[in-house]
>>> print(open('input20.tsv').read())   # TSV, C-alpha atoms and all ligand atoms
chain	number	residue	atom	x	y	z
F	10	MET	CA	0.00	0.00	0.00
F	11	LYS	CA	1.23	3.47	-0.92
F	12	SER	CA	2.31	5.55	2.05
F	13	ILE	CA	-0.27	8.19	2.83
F	14	LEU	CA	2.57	10.63	3.50
F	15	THR	CA	3.37	10.73	-0.19
F	16	ARG	CA	-0.17	11.74	-1.07
F	17	ARG	CA	-1.26	15.34	-1.13
F	18	PHE	CA	-4.46	16.36	0.59
F	19	PRO	CA	-6.30	19.48	-0.49
F	20	PRO	CA	-7.11	21.95	2.30
F	21	GLU	CA	-10.85	21.15	2.19
F	22	ILE	CA	-10.10	17.71	3.50
F	23	LYS	CA	-7.88	18.85	6.32
F	24	ALA	CA	-10.27	18.26	9.14
F	25	PRO	CA	-11.16	14.61	9.41
F	26	ILE	CA	-12.76	15.22	12.72
F	27	ASN	CA	-15.96	13.68	13.82
F	28	PRO	CA	-18.11	16.65	14.78
F	29	VAL	CA	-20.60	14.58	16.69
F	30	TYR	CA	-19.79	16.01	20.06
F	31	GLY	CA	-20.80	13.67	22.77
F	32	GLU	CA	-21.50	10.31	21.29
F	33	PRO	CA	-24.97	9.92	19.78
F	34	ILE	CA	-26.89	7.05	21.32
F	35	LYS	CA	-27.40	5.36	17.99
F	36	LYS	CA	-24.32	5.55	15.81
F	37	ILE	CA	-22.93	3.73	12.84
F	38	TYR	CA	-19.23	2.97	12.91
F	39	LEU	CA	-17.61	2.98	9.49
F	40	GLY	CA	-13.87	2.92	10.14
F	41	GLU	CA	-11.01	5.19	11.11
F	42	THR	CA	-9.96	8.51	9.68
F	43	TYR	CA	-6.43	8.41	8.33
F	44	HIS	CA	-5.57	11.97	7.52
F	45	GLY	CA	-4.58	13.94	10.57
F	46	PRO	CA	-5.28	12.33	13.93
F	47	THR	CA	-6.62	8.83	13.62
F	48	GLN	CA	-10.05	8.55	15.13
F	49	PRO	CA	-13.16	6.45	14.67
F	50	LEU	CA	-15.79	7.85	12.36
F	51	PHE	CA	-19.34	7.42	13.56
F	52	VAL	CA	-22.29	8.57	11.50
F	53	PRO	CA	-25.44	9.26	13.53
F	54	TYR	CA	-27.99	6.53	12.85
F	55	SER	CA	-30.70	9.10	12.10
F	56	SER	CA	-28.69	10.43	9.14
F	57	PHE	CA	-29.34	7.16	7.31
F	58	LEU	CA	-33.05	7.92	7.24
F	59	ARG	CA	-32.16	10.73	4.86
F	60	HIS	CA	-30.50	8.25	2.52
F	61	ALA	CA	-26.93	7.31	1.61
F	62	LEU	CA	-25.03	6.86	-1.62
F	63	ILE	CA	-21.93	4.72	-2.09
F	64	VAL	CA	-20.01	5.19	-5.33
F	65	GLY	CA	-16.71	3.86	-6.62
F	66	SER	CA	-15.23	2.14	-9.61
F	67	THR	CA	-15.09	-1.65	-9.93
F	68	GLY	CA	-13.37	-3.33	-7.02
F	69	SER	CA	-12.98	-0.14	-4.98
F	70	GLY	CA	-14.76	-1.55	-1.90
F	71	LYS	CA	-18.42	-0.52	-2.30
F	72	THR	CA	-19.99	-3.86	-1.39
F	73	THR	CA	-17.69	-4.27	1.61
F	74	THR	CA	-18.66	-0.78	2.82
F	75	ALA	CA	-22.34	-1.55	2.26
F	76	SER	CA	-21.96	-4.76	4.31
F	77	ARG	CA	-20.46	-2.80	7.20
F	78	ILE	CA	-23.32	-0.31	7.01
F	79	ALA	CA	-25.99	-3.05	6.76
F	80	THR	CA	-24.54	-4.85	9.77
F	81	GLU	CA	-24.41	-1.68	11.86
F	82	LEU	CA	-27.88	-0.48	10.84
F	83	SER	CA	-29.41	-3.85	11.74
F	84	LYS	CA	-28.55	-3.20	15.40
F	85	TYR	CA	-31.26	-0.52	15.43
F	86	SER	CA	-33.67	-1.34	12.60
F	87	LYS	CA	-34.73	-3.81	9.97
F	88	VAL	CA	-32.47	-4.00	6.92
F	89	ILE	CA	-33.15	-5.53	3.50
F	90	VAL	CA	-30.21	-5.94	1.13
F	91	VAL	CA	-31.10	-6.33	-2.55
F	92	ASP	CA	-28.25	-8.54	-3.64
F	93	TRP	CA	-27.85	-8.63	-7.43
F	94	ASN	CA	-24.73	-10.82	-7.53
F	95	GLY	CA	-25.25	-13.06	-4.50
F	96	GLU	CA	-22.26	-11.64	-2.62
F	97	TYR	CA	-23.66	-10.67	0.75
F	98	LEU	CA	-24.09	-14.12	2.28
F	99	GLY	CA	-20.31	-14.44	2.40
F	100	LEU	CA	-19.85	-10.94	3.82
F	101	LEU	CA	-22.49	-10.68	6.54
F	102	ASN	CA	-22.14	-12.84	9.59
F	103	SER	CA	-25.75	-12.62	10.71
F	104	GLY	CA	-29.16	-12.29	9.16
F	105	ILE	CA	-31.42	-14.22	6.85
F	106	HIS	CA	-30.71	-15.35	3.32
F	107	TYR	CA	-33.84	-15.04	1.17
F	108	ARG	CA	-32.68	-16.62	-2.05
F	109	VAL	CA	-35.42	-15.65	-4.46
F	110	SER	CA	-36.87	-18.78	-6.11
F	111	SER	CA	-40.17	-20.66	-6.24
F	112	SER	CA	-39.68	-21.55	-2.55
F	113	ASN	CA	-38.94	-17.92	-1.70
F	114	PRO	CA	-41.24	-15.99	-4.01
F	115	VAL	CA	-41.46	-12.25	-4.54
F	116	PRO	CA	-45.02	-10.91	-4.68
F	117	ILE	CA	-46.36	-8.48	-7.21
F	118	VAL	CA	-47.45	-5.64	-4.97
F	119	GLY	CA	-48.49	-2.04	-5.27
F	120	ASP	CA	-51.09	0.23	-3.80
F	121	ASP	CA	-52.95	0.09	-7.07
F	122	VAL	CA	-52.64	-1.21	-10.61
F	123	GLU	CA	-50.88	1.94	-11.79
F	124	GLU	CA	-47.99	1.27	-9.42
F	125	VAL	CA	-47.68	-2.29	-10.67
F	126	VAL	CA	-47.70	-1.05	-14.27
F	127	ASN	CA	-44.96	1.45	-13.39
F	128	VAL	CA	-42.68	-1.37	-12.27
F	129	PHE	CA	-43.21	-3.28	-15.52
F	130	GLU	CA	-42.70	-0.04	-17.46
F	131	GLU	CA	-39.36	0.48	-15.74
F	132	VAL	CA	-38.14	-3.11	-16.11
F	133	LEU	CA	-39.27	-3.67	-19.69
F	134	SER	CA	-38.98	-0.08	-21.01
F	135	LEU	CA	-42.58	-0.23	-22.17
F	136	THR	CA	-43.82	2.24	-24.75
F	137	PRO	CA	-46.91	4.28	-23.80
F	138	PRO	CA	-49.26	2.02	-25.87
F	139	GLN	CA	-47.78	-1.11	-24.25
F	140	ALA	CA	-48.21	0.38	-20.76
F	141	PHE	CA	-51.78	1.35	-21.68
F	142	ILE	CA	-52.57	-2.21	-22.77
F	143	LEU	CA	-51.08	-3.64	-19.59
F	144	GLU	CA	-53.08	-1.25	-17.43
F	145	LYS	CA	-56.27	-1.98	-19.35
F	146	ALA	CA	-55.69	-5.74	-19.11
F	147	LEU	CA	-55.18	-5.54	-15.35
F	148	GLY	CA	-58.33	-3.48	-14.81
F	149	ASN	CA	-58.53	-2.35	-11.21
F	150	ARG	CA	-57.26	-5.46	-9.43
F	151	VAL	CA	-53.59	-5.93	-8.52
F	152	PRO	CA	-52.72	-9.39	-9.93
F	153	GLU	CA	-51.90	-12.32	-7.66
F	154	SER	CA	-49.03	-13.57	-9.79
F	155	LEU	CA	-46.98	-13.09	-12.93
F	156	THR	CA	-48.99	-15.88	-14.52
F	157	GLU	CA	-52.13	-13.86	-13.93
F	158	VAL	CA	-50.52	-10.80	-15.57
F	159	LEU	CA	-49.72	-12.85	-18.66
F	160	ASP	CA	-53.18	-14.48	-18.76
F	161	ARG	CA	-54.95	-11.16	-18.49
F	162	ILE	CA	-52.94	-9.68	-21.35
F	163	GLU	CA	-53.60	-12.76	-23.50
F	164	GLU	CA	-57.32	-12.46	-22.77
F	165	SER	CA	-57.58	-8.75	-23.53
F	166	VAL	CA	-59.68	-8.13	-26.61
F	167	GLU	CA	-58.06	-6.24	-29.49
F	168	ASP	CA	-60.45	-3.76	-30.99
F	169	SER	CA	-58.03	-2.15	-33.40
F	170	ARG	CA	-54.93	-2.88	-35.41
F	171	TRP	CA	-52.59	-0.76	-33.26
F	172	PHE	CA	-53.90	-2.51	-30.15
F	173	LEU	CA	-53.16	-5.93	-31.62
F	174	GLU	CA	-49.67	-4.88	-32.69
F	175	SER	CA	-48.85	-3.32	-29.32
F	176	LYS	CA	-50.27	-6.30	-27.48
F	177	LEU	CA	-48.05	-8.65	-29.46
F	178	SER	CA	-44.98	-6.49	-28.87
F	179	LEU	CA	-45.83	-6.34	-25.13
F	180	LEU	CA	-46.05	-10.14	-25.01
F	181	ARG	CA	-42.70	-10.34	-26.84
F	182	LYS	CA	-41.12	-8.09	-24.20
F	183	LEU	CA	-42.55	-10.33	-21.50
F	184	SER	CA	-41.41	-13.52	-23.19
F	185	THR	CA	-38.12	-13.77	-21.23
F	186	ILE	CA	-40.00	-13.88	-17.95
F	187	SER	CA	-42.98	-15.87	-19.13
F	188	LYS	CA	-41.03	-19.12	-18.89
F	189	PRO	CA	-42.52	-21.83	-16.62
F	190	LYS	CA	-39.50	-21.64	-14.28
F	191	TYR	CA	-40.53	-18.11	-13.24
F	192	ALA	CA	-44.25	-18.88	-12.83
F	193	LYS	CA	-43.94	-19.60	-9.12
F	194	VAL	CA	-41.27	-16.99	-8.41
F	195	PHE	CA	-43.62	-14.02	-8.63
F	196	GLU	CA	-46.60	-14.87	-6.43
F	197	ARG	CA	-48.68	-13.22	-3.74
F	198	ARG	CA	-47.81	-15.89	-1.12
F	199	GLY	CA	-44.38	-14.20	-1.02
F	200	VAL	CA	-45.83	-11.41	1.16
F	201	SER	CA	-46.43	-13.51	4.26
F	202	ARG	CA	-43.27	-15.59	3.90
F	203	PHE	CA	-41.07	-12.55	3.41
F	204	LEU	CA	-42.73	-10.63	6.23
F	205	LYS	CA	-42.42	-13.51	8.69
F	206	LEU	CA	-38.71	-13.86	8.02
F	207	LEU	CA	-38.08	-10.12	8.05
F	208	VAL	CA	-39.80	-9.64	11.40
F	209	SER	CA	-37.91	-12.55	12.99
F	210	SER	CA	-34.54	-11.60	11.47
F	211	GLU	CA	-31.86	-10.44	13.91
F	212	GLY	CA	-29.48	-9.19	11.24
F	213	PRO	CA	-29.97	-7.92	7.68
F	214	MET	CA	-32.27	-9.84	5.37
F	215	ILE	CA	-30.54	-10.61	2.09
F	216	ALA	CA	-32.96	-10.64	-0.85
F	217	ASP	CA	-30.65	-12.52	-3.19
F	218	VAL	CA	-31.86	-12.36	-6.79
F	219	SER	CA	-28.72	-13.89	-8.29
F	220	SER	CA	-30.24	-17.31	-8.89
F	221	LEU	CA	-32.61	-15.86	-11.49
F	222	SER	CA	-30.61	-16.37	-14.65
F	223	ASP	CA	-32.39	-13.78	-16.75
F	224	SER	CA	-31.54	-10.16	-16.02
F	225	THR	CA	-35.13	-9.02	-16.68
F	226	ALA	CA	-36.36	-11.46	-14.02
F	227	ARG	CA	-33.68	-10.19	-11.63
F	228	LYS	CA	-34.72	-6.61	-12.23
F	229	LEU	CA	-38.38	-7.43	-11.73
F	230	ALA	CA	-37.62	-9.29	-8.51
F	231	SER	CA	-35.39	-6.46	-7.21
F	232	LEU	CA	-37.97	-3.77	-7.89
F	233	PHE	CA	-40.79	-5.80	-6.38
F	234	VAL	CA	-38.70	-6.40	-3.25
F	235	LEU	CA	-38.41	-2.61	-2.96
F	236	LYS	CA	-42.13	-2.21	-3.59
F	237	LEU	CA	-42.81	-4.89	-0.97
F	238	ALA	CA	-40.74	-3.00	1.60
F	239	GLU	CA	-42.77	0.15	0.90
F	240	TYR	CA	-46.03	-1.83	1.03
F	241	LEU	CA	-45.16	-3.42	4.39
F	242	LYS	CA	-44.29	-0.05	5.94
F	243	LEU	CA	-47.31	1.67	4.46
F	244	ARG	CA	-49.58	-0.93	6.08
F	245	ARG	CA	-47.59	-0.77	9.32
F	246	LEU	CA	-46.81	-4.46	9.12
F	247	VAL	CA	-43.21	-3.56	9.99
F	248	LYS	CA	-43.04	-1.26	12.99
F	249	ASN	CA	-39.29	-0.62	13.06
F	250	ASP	CA	-37.40	1.71	10.74
F	251	LEU	CA	-36.44	-0.08	7.57
F	252	HIS	CA	-33.26	0.41	5.56
F	253	LEU	CA	-32.97	-0.77	1.97
F	254	VAL	CA	-29.45	-1.45	0.74
F	255	VAL	CA	-29.52	-1.62	-3.05
F	256	ASP	CA	-26.29	-2.74	-4.66
F	257	GLU	CA	-25.53	-2.46	-8.40
F	258	VAL	CA	-28.37	0.03	-8.76
F	259	HIS	CA	-27.28	0.79	-12.34
F	260	ASN	CA	-28.51	-2.72	-13.24
F	261	LEU	CA	-31.96	-2.02	-11.84
F	262	ILE	CA	-32.99	1.25	-13.31
F	263	GLY	CA	-33.53	2.59	-16.78
F	264	MET	CA	-32.07	5.85	-17.91
F	265	ASN	CA	-35.12	7.83	-16.82
F	266	GLU	CA	-34.81	6.25	-13.35
F	267	GLY	CA	-38.37	7.29	-12.52
F	268	PHE	CA	-38.83	4.42	-10.11
F	269	LEU	CA	-35.75	5.20	-8.02
F	270	SER	CA	-36.40	8.95	-7.94
F	271	ARG	CA	-39.92	8.41	-6.72
F	272	LEU	CA	-38.83	5.91	-4.09
F	273	HIS	CA	-36.04	8.21	-2.97
F	274	ALA	CA	-38.39	11.17	-2.62
F	275	GLU	CA	-41.29	9.37	-0.96
F	276	VAL	CA	-40.12	6.64	1.39
F	277	ARG	CA	-38.44	8.79	4.01
F	278	LYS	CA	-41.76	9.78	5.53
F	279	LEU	CA	-42.53	6.07	5.98
F	280	GLY	CA	-39.38	5.55	8.06
F	281	ILE	CA	-37.43	3.95	5.21
F	282	GLY	CA	-33.81	4.88	4.46
F	283	LEU	CA	-32.13	3.97	1.17
F	284	VAL	CA	-28.49	3.04	0.72
F	285	ILE	CA	-27.82	3.20	-3.01
F	286	ILE	CA	-24.65	1.69	-4.43
F	287	THR	CA	-23.31	2.14	-7.92
F	288	GLN	CA	-20.16	2.25	-10.00
F	289	SER	CA	-21.86	4.72	-12.35
F	290	PRO	CA	-22.75	7.90	-10.47
F	291	SER	CA	-23.63	9.60	-13.75
F	292	ILE	CA	-26.87	7.58	-13.91
F	293	ILE	CA	-28.01	9.05	-10.59
F	294	SER	CA	-30.28	12.05	-11.05
F	295	LYS	CA	-29.35	15.48	-9.76
F	296	GLY	CA	-32.36	15.34	-7.43
F	297	ILE	CA	-31.12	12.17	-5.78
F	298	LEU	CA	-27.55	13.47	-5.53
F	299	THR	CA	-28.69	16.68	-3.89
F	300	ASN	CA	-31.13	15.04	-1.51
F	301	THR	CA	-28.88	12.26	-0.26
F	302	ASN	CA	-27.48	13.01	3.15
F	303	ILE	CA	-24.53	10.62	3.35
F	304	LYS	CA	-22.05	10.20	0.53
F	305	VAL	CA	-19.32	7.58	0.60
F	306	VAL	CA	-16.94	8.06	-2.31
F	307	HIS	CA	-14.48	5.30	-3.08
F	308	THR	CA	-12.00	5.76	-5.86
F	309	LEU	CA	-13.42	6.78	-9.23
F	310	LYS	CA	-11.53	6.68	-12.48
F	311	SER	CA	-13.71	8.46	-15.00
F	312	ARG	CA	-13.19	12.21	-15.08
F	313	GLU	CA	-16.89	12.78	-15.66
F	314	ASP	CA	-17.82	10.77	-12.54
F	315	ILE	CA	-15.17	12.48	-10.42
F	316	GLU	CA	-16.35	15.90	-11.50
F	317	LEU	CA	-19.97	15.06	-10.82
F	318	ILE	CA	-19.31	13.71	-7.35
F	319	SER	CA	-16.87	16.45	-6.32
F	320	ARG	CA	-19.40	19.06	-7.36
F	321	SER	CA	-22.11	17.32	-5.35
F	322	LEU	CA	-19.76	17.56	-2.35
F	323	GLY	CA	-19.21	21.23	-3.17
F	324	LEU	CA	-15.53	20.51	-3.62
F	325	TYR	CA	-14.62	20.54	-7.26
F	326	GLN	CA	-11.03	21.42	-7.92
F	327	TYR	CA	-7.99	19.68	-9.30
F	328	ASP	CA	-6.60	18.48	-5.95
F	329	VAL	CA	-9.83	16.82	-4.92
F	330	ALA	CA	-10.24	15.13	-8.28
F	331	ASN	CA	-6.71	13.83	-7.94
F	332	LEU	CA	-7.37	12.58	-4.45
F	333	ILE	CA	-10.52	10.65	-5.46
F	334	ALA	CA	-8.66	9.09	-8.37
F	335	ARG	CA	-5.92	7.85	-6.03
F	336	LEU	CA	-7.87	6.40	-3.12
F	337	GLU	CA	-6.83	2.83	-2.33
F	338	VAL	CA	-9.26	-0.10	-2.04
F	339	GLY	CA	-11.37	0.36	1.11
F	340	GLU	CA	-10.53	4.05	1.49
F	341	ALA	CA	-13.28	6.61	1.04
F	342	LEU	CA	-14.06	10.27	1.20
F	343	ILE	CA	-17.15	10.57	3.40
F	344	ASP	CA	-19.49	13.47	3.83
F	345	TYR	CA	-22.83	13.98	5.55
F	346	THR	CA	-24.77	16.84	7.03
F	347	GLY	CA	-23.22	17.58	10.37
F	348	LEU	CA	-19.65	16.91	9.32
F	349	THR	CA	-17.80	20.19	9.06
F	350	LYS	CA	-15.66	18.92	6.18
F	351	PRO	CA	-15.47	15.62	4.31
F	352	ALA	CA	-13.33	13.02	6.04
F	353	LEU	CA	-10.95	10.44	4.66
F	354	VAL	CA	-11.77	7.10	6.17
F	355	ARG	CA	-10.37	3.60	5.93
F	356	ILE	CA	-13.53	1.48	6.04
F	357	GLU	CA	-13.48	-1.45	8.42
F	358	PRO	CA	-14.95	-4.56	6.80
F	359	PRO	CA	-17.68	-6.25	8.86
F	360	THR	CA	-16.23	-8.73	11.33
L	1	LIG	N1	-12.41	-1.72	3.56
L	1	LIG	C1	-11.72	-2.73	3.03
L	1	LIG	N2	-10.66	-3.24	3.69
L	1	LIG	C2	-9.97	-4.28	3.17
L	1	LIG	N3	-10.27	-4.87	1.98
L	1	LIG	C3	-11.29	-4.42	1.29
L	1	LIG	C4	-12.07	-3.33	1.77
L	1	LIG	N4	-13.02	-3.06	0.87
L	1	LIG	C5	-12.87	-3.96	-0.11
L	1	LIG	N5	-11.83	-4.78	0.12
L	1	LIG	C6	-11.42	-5.88	-0.74
L	1	LIG	O1	-11.40	-5.45	-2.10
L	1	LIG	C7	-12.06	-6.37	-2.95
L	1	LIG	C8	-13.21	-5.69	-3.68
L	1	LIG	O2	-14.15	-5.27	-2.72
L	1	LIG	P1	-15.69	-5.07	-3.04
L	1	LIG	O3	-16.27	-6.30	-3.63
L	1	LIG	O4	-16.31	-4.56	-1.80
L	1	LIG	O5	-15.62	-3.94	-4.15
L	1	LIG	P2	-16.78	-3.38	-5.09
L	1	LIG	O6	-16.48	-1.94	-5.29
L	1	LIG	O7	-18.10	-3.73	-4.53
L	1	LIG	O8	-16.51	-4.18	-6.43
L	1	LIG	P3	-17.51	-4.38	-7.68
L	1	LIG	O9	-17.48	-3.12	-8.47
L	1	LIG	O10	-16.89	-5.52	-8.42
L	1	LIG	O11	-18.85	-4.68	-7.15
L	1	LIG	C9	-12.47	-7.54	-2.08
L	1	LIG	O12	-11.50	-8.56	-2.18
L	1	LIG	C10	-12.47	-6.98	-0.69
L	1	LIG	O13	-12.17	-7.93	0.30
L	2	MG	MG	-19.75	-4.70	-5.39
>>> encode(input="input20.tsv", output="C-alpha cells")
Amino acid sequence: MKSILTRRFPPEIKAPINPVYGEPIKKIYLGETYHGPTQPLFVPYSSFLRHALIVGSTGSGKTTTASRIATELSKYSKVIVVDWNGEYLGLLNSGIHYRVSSSNPVPIVGDDVEEVVNVFEEVLSLTPPQAFILEKALGNRVPESLTEVLDRIEESVEDSRWFLESKLSLLRKLSTISKPKYAKVFERRGVSRFLKLLVSSEGPMIADVSSLSDSTARKLASLFVLKLAEYLKLRRLVKNDLHLVVDEVHNLIGMNEGFLSRLHAEVRKLGIGLVIITQSPSIISKGILTNTNIKVVHTLKSREDIELISRSLGLYQYDVANLIARLEVGEALIDYTGLTKPALVRIEPPT
C-alpha cells in the first residue's frame, strides 16, 4: 500500500474530525480517519433515514462498505439488502438469506394497478401504448401472480390494429420472464413468507436475486422487493425503521430512473432509508444526488464521474479530483450533514 505521507491532501479535507460532540446514542461505525489524527468515524444513525449513496469504480470496496453499514444499521432497525450478484451471504455474519426462487417468491405488490404497471414499465422499457394495454388488461385489481398478468394480457380483446400490434410487442417483451420456471417466483404468497422472516430476522435480510438467470427477471424481482418493503411499511406491518441497501443500482434502473427517484423522494416519511450503491454515479439524477445526506466516495476513475461527485460535495477542484482518483481499495471520502468537512476514512470490513 502506498504511504499516505506521499499523497497530497487538499485543504478542504484537512479536518477529518468527527463533529458529533458527545456520542450519539445510535451511531454507525464505518472505520477510522487516516488523515490527521486517527479517530473512529461514527455517523449518527438518524442520518441514514435521509438516505446514503456509495459510489466507486469496480473493485474499490463498495460492497464491503455496504456490508459494514448493513450490519451496523441492523442493530437498530430492519435491513433488507437487494443482492444482485449473491455476494452478501459471504460478507455478513448474521441475518437471513432469502434466495429468491419458487420456494422464496417475490409478490407483485403495489397500492394500485398503476404502481404495478410502473414497475413493468421500468423493467421492460414499455412504450406508452404497451403500458396502456397492460393497465387496461389488469383493470382495477392488482394481480396475484406473474402468470395472472400474462393471462390477463392474452385475454384482452383487441379492438383495433394498433392494439393488436402493441399487445403482441408487449407479449414479446414479457417472453423472457414468461417461462414456466418463473411462474412460481412471482406470487402473492411471497408477502407472508417474506414478512415472517423479516420480522424474525436479527441481522440484515438478504434478498438474493442472483439465482434468477435472466436479467429481466432479476430486475423485476429487485424492484418488487423494494415495492414490498414500501407496502409493508405503508400498512404498518413492519413497525421498526427499515433500511434498503440496493447494490448495483445501475442494473436495476432505466435511464429515466423514474422508479428510483420516486422511491427516494417518498419513502423517508414512511421511516425507510435507502443506501444506493453504484459504480456509475452519472446515472443518478441530480435530485437524488442533492437530496442524499450521506455520501461515501471510493476511488473513481472516470473524469466525468469524479467531477460530478466532487461538485455534489461542493468541492470541485484539481486536488480533490486527484485525491478521489488515487484512493486505495477500502478508502473513502465521506461526507454527511453535520460533518464540518469531508473526512478520509479507511472502512473497516464487517467482522
Ligand atoms: N475496507 C476494506 N478493507 C480491506 N479490503 C477491502 C475493503 N473493501 C474492499 N476490500 C477488498 O477489495 C475487494 C473488492 O471489494 P468489493 O467487492 O467490496 O468492491 P466493489 O467496489 O463492490 O466491487 P464491484 O465493483 O466488483 O462490485 C475484495 O476482495 C475486498 O475484500
Ligand atoms: Mg460490489
>>> closest_residue(input="input20.tsv", among="F:Ser289, F:Asn149, F:Ser321, F:Thr156", to="ligand LIG 1 (chain L)", atoms="only C-alpha atoms and all ligand atoms")
F:Ser289
>>> closest_residue(input="input20.tsv", among="F:Leu332, F:Ile37, F:Leu101, F:Leu246", to="Thr360 of chain F", atoms="all atoms listed in the file")
F:Leu101
>>> closest_atom_pairs(input="input20.tsv", of="segment 74-184 of chain F", to="segment 278-286 of chain F", cutoff="12 Å", atoms="only C-alpha atoms", output="Markdown table")
| residue | atom | partner | partner_atom | distance |
| --- | --- | --- | --- | --- |
| F:Thr74 | CA | F:Ile286 | CA | 9.7 |
| F:Ala75 | CA | F:Ile286 | CA | 7.8 |
| F:Ser76 | CA | F:Val284 | CA | 10.8 |
| F:Arg77 | CA | F:Val284 | CA | 11.9 |
| F:Ile78 | CA | F:Val284 | CA | 8.8 |
| F:Ala79 | CA | F:Val284 | CA | 8.9 |
| F:Leu82 | CA | F:Gly282 | CA | 10.2 |
| F:Ser86 | CA | F:Ile281 | CA | 9.8 |
| F:Lys87 | CA | F:Ile281 | CA | 9.5 |
| F:Val88 | CA | F:Gly282 | CA | 9.3 |
| F:Ile89 | CA | F:Leu283 | CA | 9.8 |
| F:Val90 | CA | F:Val284 | CA | 9.2 |
| F:Val91 | CA | F:Ile285 | CA | 10.1 |
| F:Asp92 | CA | F:Ile286 | CA | 10.9 |
| F:Trp93 | CA | F:Ile286 | CA | 11.2 |
>>> residues_around(input="input20.tsv", residues="segment 195-203 of chain F", least_positions_apart="6", cutoff="9 Å", atoms="all atoms listed in the file", output="list of chain:residue names")
F:Tyr107, F:Ser110, F:Ser111, F:Ser112, F:Asn113, F:Pro114, F:Val115, F:Pro116, F:Ile117, F:Val118, F:Pro152, F:Glu153, F:Ser154, F:Leu155, F:Thr156, F:Leu229, F:Ala230, F:Phe233, F:Leu237, F:Leu241
>>> closest_residue(input="input20.tsv", among="F:Ile105, F:Leu204, F:Asp256, F:Tyr54", to="Arg244 of chain F", atoms="all atoms listed in the file")
F:Leu204
>>> residues_near_ligand(input="input20.tsv", ligand="ligand LIG 1 (chain L)", cutoff="10 Å", atoms="all atoms listed in the file", output="ChimeraX atom specification")
/F:39-40,63-77,93-94,96-97,100,256-257,286-289,307-308,337-341,354-359
>>> atom_distance(input="input20.tsv", atom1="atom CA of Lys35 of chain F", atom2="atom CA of Ala61 of chain F")
16.5 Å
>>> residues_around(input="input20.tsv", residues="Pro138 of chain F", least_positions_apart="4", cutoff="8 Å", atoms="all atoms listed in the file", output="PyMOL selection string")
chain F and resi 142+172+175
>>> closest_residue(input="input20.tsv", among="F:Ser270, F:Gln48, F:Asn260, F:Ser209", to="ligand MG 2 (chain L)", atoms="all atoms listed in the file")
F:Asn260
>>> decode(input="input20.tsv", residues="segment 193-197 of chain F", atoms="all heavy atoms", output="tab-separated table (two decimals), in the first residue's frame")
chain	number	residue	atom	x	y	z
F	193	LYS	N	-43.71	-19.58	-10.56
F	193	LYS	CA	-43.94	-19.60	-9.12
F	193	LYS	C	-43.00	-18.66	-8.35
F	193	LYS	O	-43.00	-18.63	-7.12
F	193	LYS	CB	-43.80	-21.04	-8.60
F	193	LYS	CG	-44.89	-21.96	-9.11
F	193	LYS	CD	-45.13	-23.10	-8.16
F	193	LYS	CE	-46.39	-23.87	-8.43
F	193	LYS	NZ	-47.59	-23.06	-8.64
F	194	VAL	N	-42.20	-17.92	-9.08
F	194	VAL	CA	-41.27	-16.99	-8.41
F	194	VAL	C	-41.96	-15.68	-8.04
F	194	VAL	O	-41.63	-15.05	-7.05
F	194	VAL	CB	-40.03	-16.72	-9.31
F	194	VAL	CG1	-39.14	-15.65	-8.72
F	194	VAL	CG2	-39.24	-17.99	-9.54
F	195	PHE	N	-42.92	-15.29	-8.88
F	195	PHE	CA	-43.62	-14.02	-8.63
F	195	PHE	C	-45.06	-14.33	-8.21
F	195	PHE	O	-45.94	-14.47	-9.05
F	195	PHE	CB	-43.59	-13.17	-9.89
F	195	PHE	CG	-42.19	-12.77	-10.29
F	195	PHE	CD1	-41.46	-13.54	-11.20
F	195	PHE	CD2	-41.58	-11.66	-9.73
F	195	PHE	CE1	-40.16	-13.20	-11.55
F	195	PHE	CE2	-40.27	-11.31	-10.08
F	195	PHE	CZ	-39.57	-12.08	-10.99
F	196	GLU	N	-45.27	-14.50	-6.92
F	196	GLU	CA	-46.60	-14.87	-6.43
F	196	GLU	C	-46.93	-14.18	-5.12
F	196	GLU	O	-46.04	-13.95	-4.30
F	196	GLU	CB	-46.68	-16.39	-6.23
F	196	GLU	CG	-46.79	-17.16	-7.52
F	196	GLU	CD	-47.21	-18.61	-7.31
F	196	GLU	OE1	-47.00	-19.13	-6.22
F	196	GLU	OE2	-47.75	-19.18	-8.27
F	197	ARG	N	-48.21	-13.94	-4.92
F	197	ARG	CA	-48.68	-13.22	-3.74
F	197	ARG	C	-48.27	-13.86	-2.41
F	197	ARG	O	-48.00	-13.18	-1.42
F	197	ARG	CB	-50.21	-13.11	-3.83
F	197	ARG	CG	-50.92	-12.46	-2.64
F	197	ARG	CD	-50.37	-11.08	-2.33
F	197	ARG	NE	-50.46	-10.18	-3.45
F	197	ARG	CZ	-51.38	-9.24	-3.59
F	197	ARG	NH1	-52.27	-9.07	-2.65
F	197	ARG	NH2	-51.40	-8.46	-4.63
